[in-house]
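K.L.:
Got a structure for you, written out below as structure tokens; questions coming shortly.
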Amino acid sequence: MANSDELMHCFSITKLEKALRYYYNLSKMDPCHVLTPEEMSRYMSWMMEQYEKEPLLEISFDDIPSLLNNAEIISISRELTGHKANPDVQNRLFSLFEAPGESKFFGYQQDITAGRFFRYLPAYWNADEYFLIYYVFTGEMLVMFEQENLTLKAGSVLFIPPGINKACTCPNDDTNAFFFMIRQSTFSKVFWTHLSSQNLMSFFFRRALSGESNTSYLLFDTGCDTSLESLLYTIYKEYNRNGVYSTQIVNSLMSTFFLFLLQGYEDTARISRHNSFHWNSQFAGILRFLETHFEALTIEELAAQFGYSTRQIIRILHSVTGKSFSQLQTDLRMQKAARMLTSPNASMEDISSEIGFANLSSFYRAFKKYYDCTPKEYGNF
């Protein structure tokens with residue numbers, strides 16, 4: 001894992017960023033102004049023209065951090081920094097900003113890519129095909145959505161689902177922010193399979209990040225947790241090492257980061273103010289109480305426990321999980337029954353009673369309807 005000295009060295013402003021700062025100030029760019037992808041492409045070309053006229057610093061391709069191990073990006077970077085007169089470079093550069101698809105940012109066997117945001121690049125609108133995680137180590141970072149602007153501070157973890165139009169900029173020397181791109185397929189494969197099926201908070205994150213609840217982001221405040229920071233920086237290093245088993249190591253570390261984040265900071269989760277559903281940190285307590293007492297709990301008892309009316313608690317549960325109270329109770333009962341069936345010492349009567357069924361026949365009917373097989377058949381799988 002990373003130590004503090006190593007992190008601070010990584011955060012040092014590079015020669016390239018000093019040049020970016022000069023051109024950013026020369027352009028008199030308003031930090032709140034967001035460029036279109038075409039304007040961003042022209043801005044990049046303008047910077048290269050200025051550099052060719054009057055090089056401020058000797059910048060080579062080796063000065064550019066290996067943000068993405070991708071052949072197309074590397075090729076374009078070499079041509080730009082090498083000042084090669086190639087009329088096709090402009091179009092290829094524009095295509096990266098106009099249509100940043102998975103194929104342009106992931107190698108054949110890569111599931112997750114990682115990089116550090118350049119300081120002093122202007123914000124431009126873009127919508128991606130993959131999941132994004134932003135983390136701010138130091139300073140502040142401005143992230144803009146169509147209906148809302150966010151100022152991320154040190155310790156902020158921002159999740160952005162695919163298809164969300166957004167822009168960001170780091171126009172300060174002391175801002176150090178990293179990004180992590182995750183294939184949609186990998187997000188489901190690596191993360192959701194590691195979440196307990198009994199964890200009702202996972203329902204909320206699934207809906208939010210799949211776009212079902214129309215939220216633009218999930219934002220967590222970790223208070224600069226050094227354990228999480230070390231995990232993310234190790235992911236960044238391992239990705240750039242690009243060695244044998246790097247993909248598997250990166251996936252495993254990112255899954256660990258995700259679980260630690262939920263374990264320690266799910267109560268800090270925020271979603272877009274313009275979302276149709278408003279998240280309240282008390283809702284996490286409601287879900288945990290339901291998970292703990294689902295066997296014989298009634299909807300009226302759950303509402304009374306948290307001071308809501310029955311109608312309010314029904315609406316909260318559906319907004320958070322997309323399911324009704326009875327559906328959630330059935331899910332939890334059947335999942336616990338399935339786990340108990342793996343124990344050789346649990347009888348059918350014990351399982352039925354444990355999960356809140358009045359008699360064995362009711363349990364059998366419910367189980368067969370849920371799993372399309374009898375408890376005995378399930379236990380033999």
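Residue numbering restarts at 1 in every chain; chains get A, B, ... in the order shown in the structure tokens, and ligands count up from 1 in that same order.
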Could you give me, as a list in words, each residue of stretch 150-361 of chain A that DSSP assigns to strand (DSSP E or B) when run on this structure's backbone?
P.N.:
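Going through stretch 150-361 of chain A, the strand (DSSP E or B) residues come out as Leu150, Thr151, Leu152, Lys153, Ser156, Val157, Leu158, Phe159, Ile160, Lys166, Ala167, Cys168, Thr169, Asn176, Ala177, Phe178, Phe179, Phe180, Met181, Ile182, Leu218, Leu219, Phe220, Asp221, Arg270 and Ile271 of chain A.
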K.L.:
Which parts of stretch 125-342 of chain A does DSSP call helix (DSSP H, G or I) when run on the backbone here, written out as a compact mmCIF listing (two decimals) with N, CA and C atoms, in the first residue's frame?
P.N.:
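And here's selection_0.txt as it stands now:
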# COMPACT_ATOMS: atom_id res chain seq x y z
N GLN A 184 -19.43 -1.55 -17.62
CA GLN A 184 -20.74 -1.88 -17.04
C GLN A 184 -20.82 -3.34 -16.63
N SER A 185 -20.34 -4.23 -17.50
CA SER A 185 -20.40 -5.66 -17.20
C SER A 185 -19.57 -5.99 -15.97
N THR A 186 -18.43 -5.33 -15.82
CA THR A 186 -17.57 -5.58 -14.68
C THR A 186 -18.20 -5.07 -13.39
N PHE A 187 -18.89 -3.95 -13.47
CA PHE A 187 -19.52 -3.39 -12.29
C PHE A 187 -20.49 -4.40 -11.68
N SER A 188 -21.28 -5.04 -12.53
CA SER A 188 -22.22 -6.05 -12.04
C SER A 188 -21.48 -7.28 -11.55
N LYS A 189 -20.49 -7.72 -12.33
CA LYS A 189 -19.79 -8.97 -12.02
C LYS A 189 -18.93 -8.85 -10.76
N VAL A 190 -18.21 -7.75 -10.63
CA VAL A 190 -17.24 -7.62 -9.55
C VAL A 190 -17.88 -7.13 -8.27
N PHE A 191 -18.81 -6.19 -8.37
CA PHE A 191 -19.32 -5.55 -7.17
C PHE A 191 -20.58 -6.21 -6.61
N TRP A 192 -21.61 -6.35 -7.46
CA TRP A 192 -22.87 -6.84 -6.92
C TRP A 192 -22.76 -8.26 -6.38
N THR A 193 -21.95 -9.09 -6.99
CA THR A 193 -21.81 -10.47 -6.51
C THR A 193 -21.14 -10.52 -5.14
N HIS A 194 -20.43 -9.46 -4.76
CA HIS A 194 -19.78 -9.43 -3.46
C HIS A 194 -20.66 -8.82 -2.38
N MET A 201 -29.45 -2.22 1.47
CA MET A 201 -28.85 -1.02 0.90
C MET A 201 -28.42 -1.27 -0.54
N SER A 202 -28.08 -2.51 -0.87
CA SER A 202 -27.65 -2.81 -2.23
C SER A 202 -28.76 -2.56 -3.23
N PHE A 203 -30.02 -2.72 -2.81
CA PHE A 203 -31.13 -2.42 -3.71
C PHE A 203 -31.08 -0.96 -4.14
N PHE A 204 -30.82 -0.08 -3.16
CA PHE A 204 -30.78 1.34 -3.47
C PHE A 204 -29.67 1.67 -4.45
N PHE A 205 -28.47 1.15 -4.20
CA PHE A 205 -27.34 1.47 -5.07
C PHE A 205 -27.52 0.86 -6.46
N ARG A 206 -28.11 -0.31 -6.52
CA ARG A 206 -28.39 -0.90 -7.84
C ARG A 206 -29.29 0.02 -8.66
N ARG A 207 -30.37 0.47 -8.04
CA ARG A 207 -31.34 1.30 -8.76
C ARG A 207 -30.72 2.64 -9.14
N ALA A 208 -29.98 3.24 -8.20
CA ALA A 208 -29.39 4.56 -8.47
C ALA A 208 -28.37 4.49 -9.59
N LEU A 209 -27.49 3.49 -9.55
CA LEU A 209 -26.41 3.41 -10.52
C LEU A 209 -26.82 2.78 -11.84
N SER A 210 -27.98 2.12 -11.87
CA SER A 210 -28.46 1.57 -13.13
C SER A 210 -29.29 2.59 -13.90
N THR A 226 -7.62 7.23 5.39
CA THR A 226 -6.33 6.84 4.83
C THR A 226 -6.33 5.42 4.29
N SER A 227 -7.14 4.54 4.87
CA SER A 227 -7.22 3.17 4.36
C SER A 227 -7.82 3.15 2.96
N LEU A 228 -8.89 3.93 2.74
CA LEU A 228 -9.51 3.99 1.42
C LEU A 228 -8.57 4.66 0.42
N GLU A 229 -7.90 5.72 0.85
CA GLU A 229 -6.96 6.41 -0.04
C GLU A 229 -5.84 5.47 -0.48
N SER A 230 -5.33 4.71 0.45
CA SER A 230 -4.25 3.78 0.13
C SER A 230 -4.73 2.71 -0.86
N LEU A 231 -5.95 2.22 -0.68
CA LEU A 231 -6.51 1.25 -1.61
C LEU A 231 -6.60 1.82 -3.02
N LEU A 232 -7.13 3.04 -3.13
CA LEU A 232 -7.31 3.65 -4.45
C LEU A 232 -5.96 3.92 -5.12
N TYR A 233 -4.99 4.38 -4.35
CA TYR A 233 -3.69 4.65 -4.95
C TYR A 233 -3.00 3.36 -5.38
N THR A 234 -3.20 2.29 -4.61
CA THR A 234 -2.64 0.99 -4.99
C THR A 234 -3.29 0.48 -6.27
N ILE A 235 -4.59 0.71 -6.42
CA ILE A 235 -5.27 0.35 -7.67
C ILE A 235 -4.65 1.10 -8.85
N TYR A 236 -4.43 2.40 -8.65
CA TYR A 236 -3.83 3.24 -9.69
C TYR A 236 -2.44 2.71 -10.09
N LYS A 237 -1.64 2.37 -9.09
CA LYS A 237 -0.29 1.86 -9.37
C LYS A 237 -0.33 0.51 -10.08
N GLU A 238 -1.19 -0.37 -9.61
CA GLU A 238 -1.26 -1.71 -10.19
C GLU A 238 -1.77 -1.65 -11.62
N TYR A 239 -2.73 -0.77 -11.86
CA TYR A 239 -3.23 -0.60 -13.23
C TYR A 239 -2.10 -0.17 -14.16
N ASN A 240 -1.31 0.81 -13.72
CA ASN A 240 -0.24 1.31 -14.57
C ASN A 240 0.94 0.34 -14.66
N ARG A 241 1.07 -0.55 -13.70
CA ARG A 241 2.10 -1.59 -13.80
C ARG A 241 1.77 -2.52 -14.94
N SER A 246 -2.55 -8.29 -13.23
CA SER A 246 -2.92 -6.93 -12.81
C SER A 246 -4.43 -6.72 -12.86
N THR A 247 -5.07 -7.22 -13.91
CA THR A 247 -6.52 -7.05 -14.03
C THR A 247 -7.25 -7.67 -12.85
N GLN A 248 -6.86 -8.89 -12.49
CA GLN A 248 -7.50 -9.57 -11.37
C GLN A 248 -7.23 -8.84 -10.05
N ILE A 249 -6.00 -8.35 -9.89
CA ILE A 249 -5.65 -7.64 -8.66
C ILE A 249 -6.44 -6.34 -8.55
N VAL A 250 -6.52 -5.60 -9.65
CA VAL A 250 -7.27 -4.34 -9.66
C VAL A 250 -8.74 -4.59 -9.35
N ASN A 251 -9.33 -5.61 -9.97
CA ASN A 251 -10.74 -5.93 -9.71
C ASN A 251 -10.96 -6.26 -8.24
N SER A 252 -10.07 -7.05 -7.69
CA SER A 252 -10.21 -7.46 -6.29
C SER A 252 -10.07 -6.27 -5.35
N LEU A 253 -9.09 -5.41 -5.60
CA LEU A 253 -8.89 -4.24 -4.76
C LEU A 253 -10.06 -3.27 -4.86
N MET A 254 -10.60 -3.10 -6.07
CA MET A 254 -11.72 -2.19 -6.23
C MET A 254 -12.97 -2.73 -5.52
N SER A 255 -13.17 -4.03 -5.58
CA SER A 255 -14.28 -4.65 -4.86
C SER A 255 -14.13 -4.43 -3.36
N THR A 256 -12.89 -4.57 -2.86
CA THR A 256 -12.63 -4.33 -1.44
C THR A 256 -12.90 -2.87 -1.08
N PHE A 257 -12.47 -1.96 -1.93
CA PHE A 257 -12.74 -0.54 -1.69
C PHE A 257 -14.24 -0.28 -1.62
N PHE A 258 -14.98 -0.85 -2.55
CA PHE A 258 -16.41 -0.61 -2.61
C PHE A 258 -17.10 -1.10 -1.34
N LEU A 259 -16.73 -2.29 -0.87
CA LEU A 259 -17.35 -2.85 0.33
C LEU A 259 -16.98 -2.05 1.58
N PHE A 260 -15.70 -1.64 1.69
CA PHE A 260 -15.30 -0.81 2.82
C PHE A 260 -16.03 0.54 2.80
N LEU A 261 -16.24 1.08 1.61
CA LEU A 261 -16.96 2.34 1.49
C LEU A 261 -18.38 2.21 2.01
N LEU A 262 -19.09 1.14 1.60
CA LEU A 262 -20.45 0.94 2.07
C LEU A 262 -20.48 0.65 3.56
N GLN A 263 -19.52 -0.13 4.02
CA GLN A 263 -19.49 -0.49 5.43
C GLN A 263 -19.31 0.73 6.32
N GLY A 264 -18.44 1.63 5.91
CA GLY A 264 -18.11 2.75 6.78
C GLY A 264 -18.84 4.05 6.50
N TYR A 265 -19.35 4.20 5.26
CA TYR A 265 -19.84 5.53 4.88
C TYR A 265 -21.17 5.54 4.14
N GLU A 266 -21.93 4.44 4.20
CA GLU A 266 -23.21 4.43 3.48
C GLU A 266 -24.16 5.49 4.03
N ASP A 267 -24.01 5.84 5.31
CA ASP A 267 -24.89 6.86 5.90
C ASP A 267 -24.61 8.26 5.34
N THR A 268 -23.45 8.45 4.71
CA THR A 268 -23.13 9.78 4.16
C THR A 268 -23.61 9.93 2.72
N GLN A 282 -31.63 8.42 7.64
CA GLN A 282 -32.42 7.55 8.51
C GLN A 282 -32.91 6.31 7.77
N PHE A 283 -33.00 6.41 6.44
CA PHE A 283 -33.51 5.28 5.66
C PHE A 283 -32.61 4.05 5.80
N ALA A 284 -31.31 4.28 5.98
CA ALA A 284 -30.40 3.15 6.18
C ALA A 284 -30.77 2.39 7.45
N GLY A 285 -31.16 3.12 8.50
CA GLY A 285 -31.59 2.48 9.73
C GLY A 285 -32.88 1.69 9.55
N ILE A 286 -33.78 2.20 8.72
CA ILE A 286 -35.02 1.49 8.43
C ILE A 286 -34.72 0.16 7.76
N LEU A 287 -33.82 0.19 6.79
CA LEU A 287 -33.48 -1.03 6.06
C LEU A 287 -32.79 -2.04 6.98
N ARG A 288 -31.89 -1.55 7.84
CA ARG A 288 -31.21 -2.47 8.75
C ARG A 288 -32.19 -3.10 9.74
N PHE A 289 -33.14 -2.31 10.22
CA PHE A 289 -34.13 -2.84 11.16
C PHE A 289 -34.97 -3.91 10.49
N LEU A 290 -35.35 -3.67 9.24
CA LEU A 290 -36.13 -4.66 8.50
C LEU A 290 -35.32 -5.93 8.29
N GLU A 291 -34.05 -5.78 7.96
CA GLU A 291 -33.19 -6.95 7.77
C GLU A 291 -33.09 -7.79 9.04
N THR A 292 -33.04 -7.11 10.18
CA THR A 292 -32.84 -7.80 11.45
C THR A 292 -34.11 -8.44 11.99
N HIS A 293 -35.27 -7.83 11.70
CA HIS A 293 -36.53 -8.28 12.32
C HIS A 293 -37.57 -8.72 11.30
N ILE A 299 -45.77 -4.20 8.64
CA ILE A 299 -45.50 -2.88 8.09
C ILE A 299 -45.88 -1.79 9.08
N GLU A 300 -46.92 -2.04 9.86
CA GLU A 300 -47.34 -1.06 10.87
C GLU A 300 -46.29 -0.93 11.97
N GLU A 301 -45.71 -2.05 12.38
CA GLU A 301 -44.67 -2.00 13.40
C GLU A 301 -43.42 -1.28 12.91
N LEU A 302 -43.07 -1.51 11.65
CA LEU A 302 -41.90 -0.83 11.07
C LEU A 302 -42.13 0.67 11.02
N ALA A 303 -43.33 1.09 10.61
CA ALA A 303 -43.65 2.52 10.54
C ALA A 303 -43.59 3.16 11.93
N ALA A 304 -44.15 2.49 12.91
CA ALA A 304 -44.18 3.03 14.27
C ALA A 304 -42.79 3.14 14.86
N GLN A 305 -41.92 2.19 14.53
CA GLN A 305 -40.56 2.18 15.06
C GLN A 305 -39.80 3.45 14.69
N THR A 310 -48.00 4.48 7.99
CA THR A 310 -47.89 3.29 7.15
C THR A 310 -47.71 3.68 5.69
N ARG A 311 -48.46 4.68 5.25
CA ARG A 311 -48.37 5.12 3.85
C ARG A 311 -46.97 5.66 3.55
N GLN A 312 -46.39 6.42 4.49
CA GLN A 312 -45.05 6.98 4.28
C GLN A 312 -44.00 5.87 4.19
N ILE A 313 -44.07 4.89 5.08
CA ILE A 313 -43.06 3.84 5.07
C ILE A 313 -43.17 2.98 3.82
N ILE A 314 -44.37 2.79 3.33
CA ILE A 314 -44.55 2.05 2.07
C ILE A 314 -43.88 2.80 0.92
N ARG A 315 -44.07 4.12 0.90
CA ARG A 315 -43.48 4.93 -0.17
C ARG A 315 -41.96 4.96 -0.08
N ILE A 316 -41.44 5.04 1.14
CA ILE A 316 -39.99 5.05 1.34
C ILE A 316 -39.37 3.75 0.85
N LEU A 317 -39.93 2.63 1.26
CA LEU A 317 -39.38 1.33 0.87
C LEU A 317 -39.39 1.16 -0.64
N HIS A 318 -40.47 1.56 -1.28
CA HIS A 318 -40.54 1.40 -2.74
C HIS A 318 -39.56 2.32 -3.44
N SER A 319 -39.41 3.55 -2.94
CA SER A 319 -38.49 4.50 -3.57
C SER A 319 -37.05 4.03 -3.44
N VAL A 320 -36.70 3.45 -2.28
CA VAL A 320 -35.33 3.03 -2.03
C VAL A 320 -34.99 1.74 -2.77
N THR A 321 -35.90 0.76 -2.70
CA THR A 321 -35.59 -0.57 -3.20
C THR A 321 -36.33 -0.95 -4.48
N PHE A 325 -43.15 -3.82 0.76
CA PHE A 325 -42.76 -4.44 2.02
C PHE A 325 -42.89 -5.96 1.95
N SER A 326 -43.99 -6.45 1.41
CA SER A 326 -44.20 -7.90 1.34
C SER A 326 -43.18 -8.57 0.43
N GLN A 327 -42.81 -7.90 -0.67
CA GLN A 327 -41.78 -8.46 -1.56
C GLN A 327 -40.43 -8.53 -0.87
N LEU A 328 -40.08 -7.48 -0.15
CA LEU A 328 -38.82 -7.46 0.59
C LEU A 328 -38.81 -8.53 1.66
N GLN A 329 -39.91 -8.66 2.38
CA GLN A 329 -40.00 -9.67 3.43
C GLN A 329 -39.87 -11.08 2.85
N THR A 330 -40.50 -11.30 1.71
CA THR A 330 -40.40 -12.60 1.04
C THR A 330 -38.96 -12.86 0.60
N ASP A 331 -38.31 -11.85 0.00
CA ASP A 331 -36.91 -12.00 -0.42
C ASP A 331 -36.04 -12.41 0.76
N LEU A 332 -36.15 -11.70 1.87
CA LEU A 332 -35.33 -11.97 3.03
C LEU A 332 -35.62 -13.34 3.64
N ARG A 333 -36.88 -13.70 3.68
CA ARG A 333 -37.25 -15.02 4.21
C ARG A 333 -36.68 -16.15 3.34
N MET A 334 -36.88 -16.04 2.05
CA MET A 334 -36.44 -17.11 1.16
C MET A 334 -34.92 -17.21 1.10
N GLN A 335 -34.24 -16.07 1.14
CA GLN A 335 -32.78 -16.09 1.11
C GLN A 335 -32.21 -16.70 2.39
N LYS A 336 -32.85 -16.41 3.52
CA LYS A 336 -32.40 -17.03 4.77
C LYS A 336 -32.68 -18.52 4.75
N ALA A 337 -33.85 -18.92 4.23
CA ALA A 337 -34.17 -20.34 4.14
C ALA A 337 -33.16 -21.07 3.27
N ALA A 338 -32.77 -20.47 2.15
CA ALA A 338 -31.79 -21.09 1.25
C ALA A 338 -30.46 -21.28 1.95
N ARG A 339 -30.06 -20.30 2.76
CA ARG A 339 -28.80 -20.43 3.50
C ARG A 339 -28.89 -21.54 4.54
N MET A 340 -30.03 -21.62 5.23
CA MET A 340 -30.20 -22.64 6.26
C MET A 340 -30.24 -24.04 5.68
K.L.:
Give me the residues near A:Lys166 as a list in words, where near means some atom within 8 Å (using only C-alpha atoms) and where sequence neighbours in that chain fewer than 5 positions away do not count.
P.N.:
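Listed by chain and then number, they are Tyr124, Trp125, Asn126, Ala127, Val143, Met144, Phe145 and Glu146 of chain A.
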K.L.:
Between atom CA of A:Tyr364 and atom CA of A:Gly379, what is the spacing in Å?
P.N.:
13.0 Å
K.L.:
Measure the distance from atom CA of A:Phe306 to atom CA of A:Ala366 in Å and round it to one decimal.
P.N.:
29.0 Å
K.L.:
Please report the interatomic distance between atom CA of A:Asp221 and atom CA of A:Gly139 in Å with one decimal.
P.N.:
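Interatomic distance here is 14.2 Å.
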K.L.:
Could you list, as a ChimeraX atom specification, every residue within 7 Å of A:Gly155, counting only C-alpha atoms and ignoring same-chain residues fewer than 2 positions away?
P.N.:
/A:135-137,153,157,221-225
K.L.:
Based on the selection just made, write N, CA, C and O atoms of those residues as a CSV table (one decimal), in the first residue's frame.
P.N.:
chain,number,residue,atom,x,y,z
A,135,TYR,N,-12.2,10.5,-7.1
A,135,TYR,CA,-11.8,10.7,-5.7
A,135,TYR,C,-10.9,11.8,-5.6
A,135,TYR,O,-9.9,11.9,-6.3
A,136,VAL,N,-11.1,12.7,-4.6
A,136,VAL,CA,-10.3,13.9,-4.4
A,136,VAL,C,-9.4,13.7,-3.2
A,136,VAL,O,-9.8,13.5,-2.1
A,137,PHE,N,-8.1,13.7,-3.5
A,137,PHE,CA,-7.1,13.5,-2.4
A,137,PHE,C,-6.8,14.8,-1.7
A,137,PHE,O,-6.8,14.9,-0.4
A,153,LYS,N,-14.6,18.0,-2.3
A,153,LYS,CA,-13.5,18.4,-1.4
A,153,LYS,C,-12.7,17.1,-1.1
A,153,LYS,O,-13.1,16.0,-1.5
A,157,VAL,N,-16.0,10.9,-2.6
A,157,VAL,CA,-16.0,9.8,-3.5
A,157,VAL,C,-17.3,10.0,-4.3
A,157,VAL,O,-18.4,10.0,-3.8
A,221,ASP,N,-18.9,11.1,1.6
A,221,ASP,CA,-17.9,11.9,2.3
A,221,ASP,C,-17.2,10.9,3.2
A,221,ASP,O,-17.7,10.5,4.2
A,222,THR,N,-15.9,10.6,2.9
A,222,THR,CA,-15.1,9.7,3.7
A,222,THR,C,-14.2,10.4,4.7
A,222,THR,O,-13.5,9.6,5.5
A,223,GLY,N,-14.1,11.7,4.7
A,223,GLY,CA,-13.3,12.4,5.7
A,223,GLY,C,-11.8,12.0,5.5
A,223,GLY,O,-11.0,12.0,6.4
A,224,CYS,N,-11.4,11.8,4.2
A,224,CYS,CA,-10.0,11.4,3.9
A,224,CYS,C,-9.5,10.2,4.7
A,224,CYS,O,-8.5,10.2,5.3
A,225,ASP,N,-10.3,9.1,4.6
A,225,ASP,CA,-10.0,7.9,5.2
A,225,ASP,C,-8.7,7.3,4.6
A,225,ASP,O,-8.7,7.0,3.4
K.L.:
With a distance cut-off of 9 Å and only C-alpha atoms, select the neighbouring residues of stretch 173-175 of chain A, excluding the residue or stretch itself and same-chain residues fewer than 4 positions from it, and output the selection as an NGL selection string.
P.N.:
:A and (11-13 or 17 or 21 or 119-120 or 136-141 or 154)
K.L.:
Suppose we keep N, CA, C and O atoms; can you now write the selection as a short mmCIF file (atom, residue, chain, number, x, y, z; two decimals), in the first residue's frame?
P.N.:
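So the final result, stored in out29.cif, reads:
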data_model
loop_
_atom_site.label_atom_id
_atom_site.label_comp_id
_atom_site.auth_asym_id
_atom_site.auth_seq_id
_atom_site.Cartn_x
_atom_site.Cartn_y
_atom_site.Cartn_z
N PHE A 11 1.63 13.72 -6.37
CA PHE A 11 0.79 14.91 -6.49
C PHE A 11 1.55 16.13 -6.99
O PHE A 11 0.96 17.17 -7.25
N SER A 12 2.86 16.04 -7.10
CA SER A 12 3.63 17.20 -7.55
C SER A 12 3.19 17.62 -8.95
O SER A 12 2.96 16.78 -9.82
N ILE A 13 3.10 18.92 -9.17
CA ILE A 13 2.69 19.41 -10.48
C ILE A 13 3.78 19.11 -11.51
O ILE A 13 4.97 19.29 -11.24
N GLU A 17 1.72 20.01 -16.78
CA GLU A 17 0.65 20.78 -16.14
C GLU A 17 1.03 22.25 -15.99
O GLU A 17 0.16 23.13 -16.04
N ARG A 21 -1.29 25.10 -17.42
CA ARG A 21 -1.68 26.26 -16.62
C ARG A 21 -1.43 27.55 -17.39
O ARG A 21 -2.28 28.47 -17.37
N ARG A 119 -4.44 18.86 -14.07
CA ARG A 119 -4.82 20.20 -13.65
C ARG A 119 -4.87 21.11 -14.88
O ARG A 119 -4.15 20.90 -15.84
N TYR A 120 -5.74 22.08 -14.83
CA TYR A 120 -5.80 23.16 -15.82
C TYR A 120 -6.25 22.73 -17.21
O TYR A 120 -5.85 23.33 -18.20
N VAL A 136 -11.12 12.74 -4.63
CA VAL A 136 -10.29 13.92 -4.43
C VAL A 136 -9.38 13.68 -3.23
O VAL A 136 -9.85 13.49 -2.10
N PHE A 137 -8.06 13.68 -3.47
CA PHE A 137 -7.09 13.52 -2.40
C PHE A 137 -6.85 14.84 -1.67
O PHE A 137 -6.83 14.88 -0.45
N THR A 138 -6.62 15.90 -2.44
CA THR A 138 -6.38 17.21 -1.83
C THR A 138 -7.07 18.28 -2.67
O THR A 138 -7.34 18.09 -3.86
N GLY A 139 -7.33 19.44 -2.04
CA GLY A 139 -7.92 20.56 -2.76
C GLY A 139 -9.39 20.36 -3.06
O GLY A 139 -10.10 19.61 -2.38
N GLU A 140 -9.85 21.02 -4.13
CA GLU A 140 -11.25 20.95 -4.54
C GLU A 140 -11.34 20.74 -6.04
O GLU A 140 -10.45 21.11 -6.79
N MET A 141 -12.45 20.14 -6.46
CA MET A 141 -12.68 19.85 -7.87
C MET A 141 -14.13 20.19 -8.19
O MET A 141 -15.05 19.83 -7.45
N ALA A 154 -11.62 17.29 -0.43
CA ALA A 154 -10.77 16.15 -0.08
C ALA A 154 -11.59 15.10 0.68
O ALA A 154 -12.32 15.43 1.61
#
K.L.:
Using only C-alpha atoms, which of A:Tyr370, A:Cys168, A:Glu38, A:Phe180 sits nearest A:Phe106?
P.N.:
A:Phe180
